[in-house]
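A.B. asks: My structure is stored as entry_0.txt, with compact mmCIF, N, CA and C atoms.
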```txt
# COMPACT_ATOMS: atom_id res chain seq x y z
N MET A 1 -175.38 -74.96 -75.92
CA MET A 1 -175.82 -73.60 -75.72
C MET A 1 -174.78 -72.64 -76.32
N SER A 2 -175.22 -71.71 -77.12
CA SER A 2 -174.35 -70.76 -77.79
C SER A 2 -173.88 -69.66 -76.83
N PHE A 3 -172.72 -69.09 -77.15
CA PHE A 3 -172.16 -68.03 -76.32
C PHE A 3 -173.08 -66.82 -76.23
N TRP A 4 -173.66 -66.42 -77.34
CA TRP A 4 -174.48 -65.21 -77.38
C TRP A 4 -175.93 -65.44 -76.94
N SER A 5 -176.27 -66.68 -76.60
CA SER A 5 -177.66 -66.95 -76.22
C SER A 5 -177.96 -66.54 -74.79
N ASN A 6 -176.97 -66.45 -73.96
CA ASN A 6 -177.18 -66.08 -72.57
C ASN A 6 -176.91 -64.59 -72.39
N PHE A 7 -177.84 -63.88 -71.83
CA PHE A 7 -177.72 -62.43 -71.63
C PHE A 7 -176.53 -62.07 -70.75
N TRP A 8 -176.30 -62.84 -69.69
CA TRP A 8 -175.22 -62.51 -68.77
C TRP A 8 -173.85 -62.78 -69.37
N ASP A 9 -173.76 -63.74 -70.28
CA ASP A 9 -172.50 -63.93 -71.01
C ASP A 9 -172.20 -62.72 -71.88
N PHE A 10 -173.23 -62.19 -72.48
CA PHE A 10 -173.10 -60.99 -73.31
C PHE A 10 -172.62 -59.81 -72.48
N ILE A 11 -173.24 -59.57 -71.32
CA ILE A 11 -172.85 -58.48 -70.42
C ILE A 11 -171.43 -58.70 -69.90
N GLY A 12 -171.11 -59.92 -69.53
CA GLY A 12 -169.78 -60.24 -69.04
C GLY A 12 -168.71 -60.00 -70.09
N PHE A 13 -169.00 -60.35 -71.34
CA PHE A 13 -168.06 -60.11 -72.43
C PHE A 13 -167.73 -58.62 -72.56
N PHE A 14 -168.75 -57.77 -72.54
CA PHE A 14 -168.51 -56.34 -72.66
C PHE A 14 -167.82 -55.77 -71.43
N PHE A 15 -168.13 -56.29 -70.25
CA PHE A 15 -167.47 -55.83 -69.03
C PHE A 15 -165.98 -56.12 -69.09
N TRP A 16 -165.61 -57.38 -69.43
CA TRP A 16 -164.19 -57.72 -69.47
C TRP A 16 -163.47 -57.04 -70.63
N THR A 17 -164.17 -56.77 -71.71
CA THR A 17 -163.57 -55.99 -72.80
C THR A 17 -163.29 -54.57 -72.32
N PHE A 18 -164.21 -53.99 -71.60
CA PHE A 18 -164.01 -52.65 -71.04
C PHE A 18 -162.82 -52.63 -70.07
N VAL A 19 -162.74 -53.63 -69.20
CA VAL A 19 -161.63 -53.72 -68.25
C VAL A 19 -160.30 -53.83 -68.99
N PHE A 20 -160.25 -54.65 -70.01
CA PHE A 20 -159.01 -54.84 -70.77
C PHE A 20 -158.59 -53.56 -71.49
N VAL A 21 -159.52 -52.91 -72.14
CA VAL A 21 -159.20 -51.67 -72.85
C VAL A 21 -158.77 -50.58 -71.86
N SER A 22 -159.43 -50.50 -70.71
CA SER A 22 -159.04 -49.54 -69.68
C SER A 22 -157.62 -49.81 -69.19
N TYR A 23 -157.30 -51.08 -69.01
CA TYR A 23 -155.94 -51.45 -68.59
C TYR A 23 -154.93 -51.04 -69.65
N LEU A 24 -155.24 -51.25 -70.92
CA LEU A 24 -154.30 -50.86 -71.98
C LEU A 24 -154.07 -49.35 -71.98
N PHE A 25 -155.14 -48.57 -71.77
CA PHE A 25 -154.97 -47.12 -71.68
C PHE A 25 -154.04 -46.75 -70.53
N ALA A 26 -154.25 -47.37 -69.38
CA ALA A 26 -153.41 -47.09 -68.21
C ALA A 26 -151.97 -47.52 -68.47
N LEU A 27 -151.79 -48.68 -69.07
CA LEU A 27 -150.45 -49.18 -69.37
C LEU A 27 -149.69 -48.23 -70.29
N PHE A 28 -150.33 -47.79 -71.35
CA PHE A 28 -149.66 -46.89 -72.29
C PHE A 28 -149.41 -45.52 -71.66
N ALA A 29 -150.31 -45.06 -70.80
CA ALA A 29 -150.08 -43.79 -70.11
C ALA A 29 -148.86 -43.89 -69.20
N VAL A 30 -148.71 -45.02 -68.51
CA VAL A 30 -147.55 -45.21 -67.64
C VAL A 30 -146.27 -45.31 -68.47
N ILE A 31 -146.31 -46.04 -69.56
CA ILE A 31 -145.11 -46.17 -70.41
C ILE A 31 -144.70 -44.80 -70.95
N ILE A 32 -145.64 -44.01 -71.40
CA ILE A 32 -145.33 -42.66 -71.89
C ILE A 32 -144.75 -41.82 -70.77
N ASP A 33 -145.32 -41.92 -69.57
CA ASP A 33 -144.83 -41.13 -68.46
C ASP A 33 -143.43 -41.56 -68.04
N VAL A 34 -143.13 -42.84 -68.10
CA VAL A 34 -141.78 -43.30 -67.76
C VAL A 34 -140.77 -42.64 -68.67
N PHE A 35 -141.05 -42.57 -69.96
CA PHE A 35 -140.11 -41.94 -70.89
C PHE A 35 -140.12 -40.42 -70.78
N ARG A 36 -141.22 -39.82 -70.36
CA ARG A 36 -141.30 -38.37 -70.24
C ARG A 36 -140.60 -37.85 -68.99
N ASP A 37 -140.51 -38.68 -67.96
CA ASP A 37 -139.95 -38.26 -66.67
C ASP A 37 -138.44 -38.08 -66.78
N ARG A 38 -137.99 -36.84 -66.61
CA ARG A 38 -136.56 -36.54 -66.71
C ARG A 38 -135.81 -36.79 -65.40
N THR A 39 -136.54 -37.03 -64.31
CA THR A 39 -135.87 -37.28 -63.04
C THR A 39 -135.43 -38.73 -62.91
N LEU A 40 -136.02 -39.64 -63.66
CA LEU A 40 -135.60 -41.04 -63.63
C LEU A 40 -134.39 -41.24 -64.53
N ASN A 41 -133.40 -42.00 -64.03
CA ASN A 41 -132.27 -42.31 -64.89
C ASN A 41 -132.62 -43.51 -65.77
N GLY A 42 -131.73 -43.88 -66.63
CA GLY A 42 -131.99 -44.96 -67.58
C GLY A 42 -132.24 -46.30 -66.92
N TRP A 43 -131.52 -46.58 -65.82
CA TRP A 43 -131.71 -47.86 -65.14
C TRP A 43 -133.08 -47.94 -64.49
N ALA A 44 -133.54 -46.86 -63.91
CA ALA A 44 -134.85 -46.85 -63.28
C ALA A 44 -135.95 -47.02 -64.34
N LYS A 45 -135.78 -46.36 -65.48
CA LYS A 45 -136.75 -46.53 -66.56
C LYS A 45 -136.76 -47.97 -67.05
N ALA A 46 -135.58 -48.56 -67.19
CA ALA A 46 -135.50 -49.96 -67.64
C ALA A 46 -136.14 -50.89 -66.62
N ALA A 47 -135.95 -50.61 -65.33
CA ALA A 47 -136.56 -51.45 -64.29
C ALA A 47 -138.08 -51.37 -64.34
N TRP A 48 -138.62 -50.16 -64.45
CA TRP A 48 -140.08 -50.02 -64.53
C TRP A 48 -140.61 -50.78 -65.73
N LEU A 49 -139.95 -50.63 -66.88
CA LEU A 49 -140.42 -51.32 -68.09
C LEU A 49 -140.29 -52.83 -67.96
N LEU A 50 -139.23 -53.30 -67.31
CA LEU A 50 -139.05 -54.73 -67.11
C LEU A 50 -140.15 -55.30 -66.21
N PHE A 51 -140.45 -54.57 -65.14
CA PHE A 51 -141.54 -55.02 -64.27
C PHE A 51 -142.88 -54.99 -65.00
N MET A 52 -143.06 -54.02 -65.90
CA MET A 52 -144.32 -53.96 -66.66
C MET A 52 -144.47 -55.14 -67.61
N VAL A 53 -143.35 -55.72 -68.03
CA VAL A 53 -143.42 -56.88 -68.91
C VAL A 53 -143.78 -58.13 -68.11
N PHE A 54 -143.18 -58.29 -66.93
CA PHE A 54 -143.36 -59.54 -66.18
C PHE A 54 -144.52 -59.50 -65.18
N VAL A 55 -144.82 -58.34 -64.60
CA VAL A 55 -145.92 -58.22 -63.63
C VAL A 55 -146.72 -56.97 -64.02
N PRO A 56 -147.41 -57.00 -65.13
CA PRO A 56 -147.97 -55.77 -65.70
C PRO A 56 -149.04 -55.10 -64.86
N ILE A 57 -150.03 -55.82 -64.39
CA ILE A 57 -151.14 -55.18 -63.69
C ILE A 57 -150.67 -54.60 -62.37
N LEU A 58 -149.90 -55.36 -61.61
CA LEU A 58 -149.39 -54.89 -60.32
C LEU A 58 -148.47 -53.69 -60.51
N THR A 59 -147.61 -53.73 -61.52
CA THR A 59 -146.68 -52.63 -61.76
C THR A 59 -147.41 -51.35 -62.12
N VAL A 60 -148.41 -51.45 -62.96
CA VAL A 60 -149.18 -50.25 -63.33
C VAL A 60 -149.87 -49.66 -62.10
N LEU A 61 -150.45 -50.52 -61.26
CA LEU A 61 -151.10 -50.03 -60.04
C LEU A 61 -150.10 -49.37 -59.09
N VAL A 62 -148.94 -49.99 -58.89
CA VAL A 62 -147.92 -49.42 -58.01
C VAL A 62 -147.42 -48.10 -58.57
N TYR A 63 -147.19 -48.03 -59.87
CA TYR A 63 -146.70 -46.80 -60.48
C TYR A 63 -147.70 -45.66 -60.31
N VAL A 64 -148.96 -45.94 -60.57
CA VAL A 64 -149.99 -44.89 -60.46
C VAL A 64 -150.13 -44.44 -59.01
N ILE A 65 -150.04 -45.37 -58.06
CA ILE A 65 -150.15 -44.99 -56.65
C ILE A 65 -148.91 -44.22 -56.20
N ALA A 66 -147.73 -44.71 -56.56
CA ALA A 66 -146.49 -44.11 -56.06
C ALA A 66 -146.12 -42.84 -56.80
N ARG A 67 -146.39 -42.75 -58.07
CA ARG A 67 -145.92 -41.61 -58.87
C ARG A 67 -147.05 -40.89 -59.59
N GLY A 68 -148.27 -41.07 -59.14
CA GLY A 68 -149.43 -40.48 -59.81
C GLY A 68 -149.42 -38.97 -59.82
N ARG A 69 -149.02 -38.33 -58.70
CA ARG A 69 -149.00 -36.88 -58.64
C ARG A 69 -148.01 -36.29 -59.65
N GLY A 70 -146.83 -36.86 -59.71
CA GLY A 70 -145.84 -36.41 -60.69
C GLY A 70 -146.28 -36.68 -62.11
N MET A 71 -146.97 -37.79 -62.28
CA MET A 71 -147.50 -38.14 -63.60
C MET A 71 -148.49 -37.08 -64.08
N ALA A 72 -149.36 -36.65 -63.19
CA ALA A 72 -150.34 -35.62 -63.53
C ALA A 72 -149.65 -34.29 -63.81
N GLU A 73 -148.65 -33.93 -63.01
CA GLU A 73 -147.93 -32.67 -63.23
C GLU A 73 -147.21 -32.67 -64.57
N ARG A 74 -146.57 -33.79 -64.92
CA ARG A 74 -145.88 -33.87 -66.21
C ARG A 74 -146.87 -33.77 -67.37
N GLN A 75 -148.06 -34.36 -67.20
CA GLN A 75 -149.08 -34.28 -68.24
C GLN A 75 -149.56 -32.85 -68.43
N VAL A 76 -149.77 -32.13 -67.32
CA VAL A 76 -150.21 -30.74 -67.40
C VAL A 76 -149.12 -29.88 -68.04
N ASN A 77 -147.87 -30.09 -67.63
CA ASN A 77 -146.77 -29.31 -68.22
C ASN A 77 -146.62 -29.57 -69.71
N ALA A 78 -146.78 -30.83 -70.12
CA ALA A 78 -146.69 -31.15 -71.55
C ALA A 78 -147.83 -30.48 -72.33
N GLY A 79 -149.02 -30.46 -71.74
CA GLY A 79 -150.15 -29.79 -72.40
C GLY A 79 -149.94 -28.30 -72.52
N MET A 80 -149.42 -27.69 -71.44
CA MET A 80 -149.17 -26.24 -71.48
C MET A 80 -148.07 -25.90 -72.49
N GLN A 81 -147.04 -26.73 -72.57
CA GLN A 81 -145.97 -26.50 -73.54
C GLN A 81 -146.49 -26.64 -74.97
N GLU A 82 -147.32 -27.63 -75.19
CA GLU A 82 -147.91 -27.83 -76.52
C GLU A 82 -148.80 -26.65 -76.90
N ARG A 83 -149.56 -26.15 -75.94
CA ARG A 83 -150.42 -25.00 -76.23
C ARG A 83 -149.58 -23.76 -76.54
N ALA A 84 -148.50 -23.56 -75.78
CA ALA A 84 -147.62 -22.41 -76.04
C ALA A 84 -146.99 -22.52 -77.42
N ASN A 85 -146.57 -23.73 -77.80
CA ASN A 85 -146.00 -23.92 -79.14
C ASN A 85 -147.03 -23.64 -80.22
N THR A 86 -148.25 -24.09 -80.01
CA THR A 86 -149.32 -23.84 -80.99
C THR A 86 -149.62 -22.35 -81.09
N ASP A 87 -149.71 -21.66 -79.95
CA ASP A 87 -149.98 -20.22 -79.97
C ASP A 87 -148.86 -19.46 -80.67
N ASP A 88 -147.61 -19.84 -80.42
CA ASP A 88 -146.48 -19.19 -81.09
C ASP A 88 -146.54 -19.40 -82.60
N TYR A 89 -146.90 -20.62 -83.00
CA TYR A 89 -147.00 -20.91 -84.43
C TYR A 89 -148.11 -20.09 -85.07
N ILE A 90 -149.24 -20.02 -84.40
CA ILE A 90 -150.37 -19.25 -84.95
C ILE A 90 -150.00 -17.79 -85.09
N ARG A 91 -149.32 -17.24 -84.07
CA ARG A 91 -148.90 -15.84 -84.15
C ARG A 91 -147.90 -15.62 -85.29
N SER A 92 -147.05 -16.62 -85.54
CA SER A 92 -146.03 -16.44 -86.59
C SER A 92 -146.63 -16.48 -87.99
N VAL A 93 -147.72 -17.22 -88.18
CA VAL A 93 -148.30 -17.32 -89.52
C VAL A 93 -149.50 -16.40 -89.72
N ALA A 94 -150.00 -15.83 -88.65
CA ALA A 94 -151.17 -14.95 -88.78
C ALA A 94 -150.73 -13.64 -89.42
N GLY A 95 -151.59 -13.11 -90.22
CA GLY A 95 -151.31 -11.83 -90.86
C GLY A 95 -151.47 -10.67 -89.88
N SER A 96 -150.82 -9.60 -90.20
CA SER A 96 -150.96 -8.41 -89.37
C SER A 96 -152.23 -7.67 -89.75
N ASN A 97 -152.56 -6.64 -89.00
CA ASN A 97 -153.79 -5.91 -89.31
C ASN A 97 -153.53 -4.94 -90.47
N PRO A 98 -154.56 -4.46 -91.13
CA PRO A 98 -154.40 -3.61 -92.30
C PRO A 98 -153.61 -2.32 -92.02
N ALA A 99 -153.79 -1.74 -90.83
CA ALA A 99 -153.06 -0.52 -90.53
C ALA A 99 -151.55 -0.77 -90.51
N GLN A 100 -151.14 -1.93 -89.96
CA GLN A 100 -149.72 -2.26 -89.94
C GLN A 100 -149.20 -2.50 -91.36
N ASP A 101 -150.00 -3.17 -92.18
CA ASP A 101 -149.59 -3.43 -93.57
C ASP A 101 -149.43 -2.12 -94.35
N ILE A 102 -150.36 -1.19 -94.16
CA ILE A 102 -150.29 0.09 -94.87
C ILE A 102 -149.09 0.90 -94.37
N ALA A 103 -148.86 0.89 -93.05
CA ALA A 103 -147.72 1.62 -92.50
C ALA A 103 -146.40 1.05 -93.02
N GLN A 104 -146.32 -0.27 -93.12
CA GLN A 104 -145.11 -0.89 -93.65
C GLN A 104 -144.92 -0.54 -95.12
N ALA A 105 -146.01 -0.54 -95.89
CA ALA A 105 -145.92 -0.16 -97.30
C ALA A 105 -145.52 1.31 -97.44
N LYS A 106 -146.01 2.17 -96.54
CA LYS A 106 -145.64 3.59 -96.58
C LYS A 106 -144.16 3.77 -96.29
N GLN A 107 -143.63 2.98 -95.37
CA GLN A 107 -142.19 3.05 -95.08
C GLN A 107 -141.38 2.63 -96.30
N LEU A 108 -141.84 1.59 -97.00
CA LEU A 108 -141.16 1.16 -98.21
C LEU A 108 -141.22 2.24 -99.29
N LEU A 109 -142.38 2.91 -99.40
CA LEU A 109 -142.52 3.99 -100.37
C LEU A 109 -141.59 5.15 -100.03
N ASP A 110 -141.55 5.53 -98.74
CA ASP A 110 -140.70 6.64 -98.32
C ASP A 110 -139.22 6.34 -98.51
N SER A 111 -138.84 5.07 -98.36
CA SER A 111 -137.43 4.72 -98.53
C SER A 111 -137.05 4.57 -100.00
N GLY A 112 -138.04 4.54 -100.89
CA GLY A 112 -137.78 4.43 -102.31
C GLY A 112 -137.70 2.99 -102.79
N ALA A 113 -138.03 2.03 -101.95
CA ALA A 113 -137.96 0.63 -102.33
C ALA A 113 -139.09 0.24 -103.29
N ILE A 114 -140.24 0.95 -103.21
CA ILE A 114 -141.35 0.68 -104.11
C ILE A 114 -141.83 1.99 -104.70
N SER A 115 -142.56 1.86 -105.81
CA SER A 115 -143.09 3.05 -106.48
C SER A 115 -144.46 3.39 -105.91
N GLN A 116 -144.99 4.54 -106.34
CA GLN A 116 -146.32 4.97 -105.89
C GLN A 116 -147.39 3.97 -106.31
N GLY A 117 -147.25 3.41 -107.50
CA GLY A 117 -148.23 2.43 -107.99
C GLY A 117 -148.19 1.14 -107.17
N GLU A 118 -146.99 0.70 -106.84
CA GLU A 118 -146.87 -0.51 -106.01
C GLU A 118 -147.43 -0.26 -104.61
N TYR A 119 -147.24 0.95 -104.10
CA TYR A 119 -147.81 1.31 -102.80
C TYR A 119 -149.33 1.24 -102.85
N ALA A 120 -149.91 1.73 -103.95
CA ALA A 120 -151.37 1.71 -104.09
C ALA A 120 -151.89 0.27 -104.13
N VAL A 121 -151.17 -0.62 -104.82
CA VAL A 121 -151.58 -2.02 -104.88
C VAL A 121 -151.52 -2.65 -103.48
N LEU A 122 -150.43 -2.41 -102.75
CA LEU A 122 -150.30 -2.96 -101.40
C LEU A 122 -151.37 -2.41 -100.46
N LYS A 123 -151.69 -1.14 -100.63
CA LYS A 123 -152.71 -0.52 -99.80
C LYS A 123 -154.08 -1.13 -100.11
N ASP A 124 -154.38 -1.34 -101.40
CA ASP A 124 -155.66 -1.95 -101.78
C ASP A 124 -155.77 -3.38 -101.23
N ARG A 125 -154.68 -4.14 -101.29
CA ARG A 125 -154.70 -5.50 -100.76
C ARG A 125 -154.90 -5.50 -99.24
N ALA A 126 -154.26 -4.57 -98.56
CA ALA A 126 -154.40 -4.49 -97.10
C ALA A 126 -155.83 -4.14 -96.71
N LEU A 127 -156.49 -3.33 -97.52
CA LEU A 127 -157.86 -2.92 -97.23
C LEU A 127 -158.88 -3.94 -97.71
N GLY A 128 -158.41 -5.01 -98.34
CA GLY A 128 -159.32 -6.07 -98.77
C GLY A 128 -159.84 -5.90 -100.17
N ASN A 129 -159.35 -4.92 -100.89
CA ASN A 129 -159.73 -4.74 -102.28
C ASN A 129 -158.92 -5.73 -103.11
N THR A 130 -159.55 -6.81 -103.52
CA THR A 130 -158.82 -7.90 -104.19
C THR A 130 -158.58 -7.63 -105.67
N GLN A 131 -159.24 -6.62 -106.22
CA GLN A 131 -159.04 -6.33 -107.64
C GLN A 131 -157.73 -5.57 -107.80
N ALA A 132 -156.82 -6.14 -108.56
CA ALA A 132 -155.52 -5.49 -108.78
C ALA A 132 -155.69 -4.33 -109.74
N ARG A 133 -154.89 -3.33 -109.53
CA ARG A 133 -154.94 -2.17 -110.43
C ARG A 133 -154.15 -2.50 -111.67
N SER A 134 -154.81 -2.48 -112.80
CA SER A 134 -154.17 -2.87 -114.05
C SER A 134 -153.21 -1.80 -114.57
N ASP A 135 -153.40 -0.54 -114.17
CA ASP A 135 -152.55 0.52 -114.69
C ASP A 135 -151.19 0.55 -113.97
N VAL A 136 -151.05 -0.17 -112.88
CA VAL A 136 -149.82 -0.09 -112.09
C VAL A 136 -148.91 -1.28 -112.39
N VAL A 137 -149.46 -2.44 -112.45
CA VAL A 137 -148.65 -3.64 -112.57
C VAL A 137 -148.27 -3.84 -113.98
```
Starting from the file, give its structure as structure tokens.

C.D. replies:
Amino acid sequence: MSFWSNFWDFIGFFFWTFVFVSYLFALFAVIIDVFRDRTLNGWAKAAWLLFMVFVPILTVLVYVIARGRGMAERQVNAGMQERANTDDYIRSVAGSNPAQDIAQAKQLLDSGAISQGEYAVLKDRALGNTQARSDVV
């Protein structure tokens, strides 16, 4: 009798595959959390990892039960920090609004750093006029 000929063997195969993949996700989440936790010293981290090598399923269950709340808090804090970093980056590369660009160009014109023609080009670009003025450049 072939392995795939029995319906329940087929269902059992997918069930145990699901269980195994779920365990791997939990294992890697615990390993990441062990390294992310700043309250654990190096020996404690080494002990958790050593137990995960020799008694993996039991260690993952004990870790999630004993340190699950802290694990969730560290995950939330890491997500919030990542979002703040992304928002800061977006703000740093985002362009300013046209009024700010024109005001900055006017300050440069008033200080003598640019000519009237260069001011006109900067003003046109800020207003979205992409055609460069040929008489200025």

A.B. asks: Separation of atom C of Gln104 of chain A and atom CA of Asp87 of chain A, in Å?

C.D. replies: 25.3 Å

A.B. asks: Going by DSSP on the backbone, which residues of chain A come out as alpha helix (DSSP H)? List them as a ChimeraX atom specification.

C.D. replies: /A:7-36,42-54,56-93,98-111,116-126

A.B. asks: Which neighbours of segment 54-71 of chain A fall inside 8 Å, counting only C-alpha atoms, when residues of the same chain fewer than 6 positions from it are skipped, and could you give them as a list in words?

C.D. replies: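 After dropping sequence-adjacent residues, the list is Tyr23, Ala26, Leu27, Val30, Asp33 and Trp48 of chain A.
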
A.B. asks: Quote the spacing between atom CA of Ile32 of chain A and atom C of Asn85 of chain A in Å to one decimal place.

C.D. replies: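 Straight-line distance from atom CA of Ile32 of chain A to atom C of Asn85 of chain A works out to 20.8 Å.
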
A.B. asks: What gap, in Å, lies between atom C of Lys123 of chain A and atom C of Tyr89 of chain A?

C.D. replies: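 For atom C of Lys123 of chain A relative to atom C of Tyr89 of chain A, the distance reads 24.9 Å.
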
A.B. asks: Using only the atoms of segment 33-48 of chain A listed in the file, plus 5 Å on each side, state the axis-aligned box centre and edge lengths in Å rounded to one decimal, as JSON.

C.D. replies:
```
{"center_x": -138.4, "center_y": -44.0, "center_z": -66.9, "size_x": 23.8, "size_y": 24.9, "size_z": 18.0}
```

A.B. asks: Go through A:Gly42, A:Gly112, A:Pro98, A:Gly79 and flag the residue nearest Ala126 of chain A, using only C-alpha atoms for the distances.

C.D. replies: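 Among the listed residues, the smallest separation from Ala126 of chain A belongs to A:Pro98.
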
A.B. asks: Return the single residue from A:Leu122, A:Val93, A:Ala84, A:Val34 that is closest to Gln107 of chain A, with distances computed using only C-alpha atoms.

C.D. replies: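 Counting only C-alpha atoms, the residue closest to Gln107 of chain A is A:Leu122.
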
A.B. asks: Would you pull segment 95-118 of chain A out of the block just shown and save N, CA and C atoms as a PDB file, in the first residue's frame?

C.D. replies:
```
ATOM      1  N   GLY A  95      10.691  65.896   0.481  1.00  0.00           N
ATOM      2  CA  GLY A  95      10.872  67.286   0.089  1.00  0.00           C
ATOM      3  C   GLY A  95       9.983  68.213   0.904  1.00  0.00           C
ATOM      4  N   SER A  96      10.385  69.436   0.959  1.00  0.00           N
ATOM      5  CA  SER A  96       9.568  70.422   1.665  1.00  0.00           C
ATOM      6  C   SER A  96       8.456  70.907   0.737  1.00  0.00           C
ATOM      7  N   ASN A  97       7.561  71.708   1.271  1.00  0.00           N
ATOM      8  CA  ASN A  97       6.461  72.178   0.432  1.00  0.00           C
ATOM      9  C   ASN A  97       6.936  73.351  -0.439  1.00  0.00           C
ATOM     10  N   PRO A  98       6.224  73.673  -1.490  1.00  0.00           N
ATOM     11  CA  PRO A  98       6.663  74.716  -2.421  1.00  0.00           C
ATOM     12  C   PRO A  98       6.857  76.085  -1.758  1.00  0.00           C
ATOM     13  N   ALA A  99       6.009  76.420  -0.791  1.00  0.00           N
ATOM     14  CA  ALA A  99       6.158  77.719  -0.136  1.00  0.00           C
ATOM     15  C   ALA A  99       7.498  77.815   0.590  1.00  0.00           C
ATOM     16  N   GLN A 100       7.913  76.711   1.237  1.00  0.00           N
ATOM     17  CA  GLN A 100       9.209  76.714   1.918  1.00  0.00           C
ATOM     18  C   GLN A 100      10.350  76.814   0.915  1.00  0.00           C
ATOM     19  N   ASP A 101      10.227  76.108  -0.211  1.00  0.00           N
ATOM     20  CA  ASP A 101      11.270  76.170  -1.239  1.00  0.00           C
ATOM     21  C   ASP A 101      11.406  77.580  -1.810  1.00  0.00           C
ATOM     22  N   ILE A 102      10.274  78.240  -2.067  1.00  0.00           N
ATOM     23  CA  ILE A 102      10.311  79.599  -2.617  1.00  0.00           C
ATOM     24  C   ILE A 102      10.882  80.570  -1.587  1.00  0.00           C
ATOM     25  N   ALA A 103      10.488  80.413  -0.319  1.00  0.00           N
ATOM     26  CA  ALA A 103      11.009  81.288   0.735  1.00  0.00           C
ATOM     27  C   ALA A 103      12.515  81.118   0.883  1.00  0.00           C
ATOM     28  N   GLN A 104      12.985  79.883   0.798  1.00  0.00           N
ATOM     29  CA  GLN A 104      14.422  79.637   0.894  1.00  0.00           C
ATOM     30  C   GLN A 104      15.152  80.246  -0.303  1.00  0.00           C
ATOM     31  N   ALA A 105      14.578  80.114  -1.493  1.00  0.00           N
ATOM     32  CA  ALA A 105      15.186  80.716  -2.678  1.00  0.00           C
ATOM     33  C   ALA A 105      15.196  82.238  -2.568  1.00  0.00           C
ATOM     34  N   LYS A 106      14.137  82.817  -1.994  1.00  0.00           N
ATOM     35  CA  LYS A 106      14.081  84.277  -1.814  1.00  0.00           C
ATOM     36  C   LYS A 106      15.160  84.736  -0.848  1.00  0.00           C
ATOM     37  N   GLN A 107      15.411  83.958   0.198  1.00  0.00           N
ATOM     38  CA  GLN A 107      16.480  84.309   1.137  1.00  0.00           C
ATOM     39  C   GLN A 107      17.836  84.276   0.438  1.00  0.00           C
ATOM     40  N   LEU A 108      18.043  83.277  -0.428  1.00  0.00           N
ATOM     41  CA  LEU A 108      19.286  83.208  -1.174  1.00  0.00           C
ATOM     42  C   LEU A 108      19.422  84.394  -2.123  1.00  0.00           C
ATOM     43  N   LEU A 109      18.313  84.793  -2.751  1.00  0.00           N
ATOM     44  CA  LEU A 109      18.335  85.952  -3.644  1.00  0.00           C
ATOM     45  C   LEU A 109      18.654  87.220  -2.867  1.00  0.00           C
ATOM     46  N   ASP A 110      18.004  87.395  -1.711  1.00  0.00           N
ATOM     47  CA  ASP A 110      18.234  88.595  -0.899  1.00  0.00           C
ATOM     48  C   ASP A 110      19.658  88.670  -0.372  1.00  0.00           C
ATOM     49  N   SER A 111      20.263  87.515  -0.099  1.00  0.00           N
ATOM     50  CA  SER A 111      21.637  87.519   0.417  1.00  0.00           C
ATOM     51  C   SER A 111      22.660  87.684  -0.699  1.00  0.00           C
ATOM     52  N   GLY A 112      22.226  87.575  -1.947  1.00  0.00           N
ATOM     53  CA  GLY A 112      23.122  87.740  -3.074  1.00  0.00           C
ATOM     54  C   GLY A 112      23.795  86.450  -3.507  1.00  0.00           C
ATOM     55  N   ALA A 113      23.395  85.324  -2.948  1.00  0.00           N
ATOM     56  CA  ALA A 113      24.010  84.044  -3.294  1.00  0.00           C
ATOM     57  C   ALA A 113      23.591  83.564  -4.676  1.00  0.00           C
ATOM     58  N   ILE A 114      22.382  83.975  -5.135  1.00  0.00           N
ATOM     59  CA  ILE A 114      21.920  83.599  -6.464  1.00  0.00           C
ATOM     60  C   ILE A 114      21.424  84.841  -7.181  1.00  0.00           C
ATOM     61  N   SER A 115      21.341  84.720  -8.503  1.00  0.00           N
ATOM     62  CA  SER A 115      20.867  85.847  -9.313  1.00  0.00           C
ATOM     63  C   SER A 115      19.349  85.776  -9.454  1.00  0.00           C
ATOM     64  N   GLN A 116      18.781  86.827 -10.053  1.00  0.00           N
ATOM     65  CA  GLN A 116      17.337  86.874 -10.280  1.00  0.00           C
ATOM     66  C   GLN A 116      16.884  85.736 -11.190  1.00  0.00           C
ATOM     67  N   GLY A 117      17.693  85.411 -12.184  1.00  0.00           N
ATOM     68  CA  GLY A 117      17.354  84.318 -13.103  1.00  0.00           C
ATOM     69  C   GLY A 117      17.363  82.967 -12.396  1.00  0.00           C
ATOM     70  N   GLU A 118      18.357  82.762 -11.546  1.00  0.00           N
ATOM     71  CA  GLU A 118      18.411  81.498 -10.795  1.00  0.00           C
ATOM     72  C   GLU A 118      17.233  81.402  -9.829  1.00  0.00           C
TER      73      GLU A 118
END
```
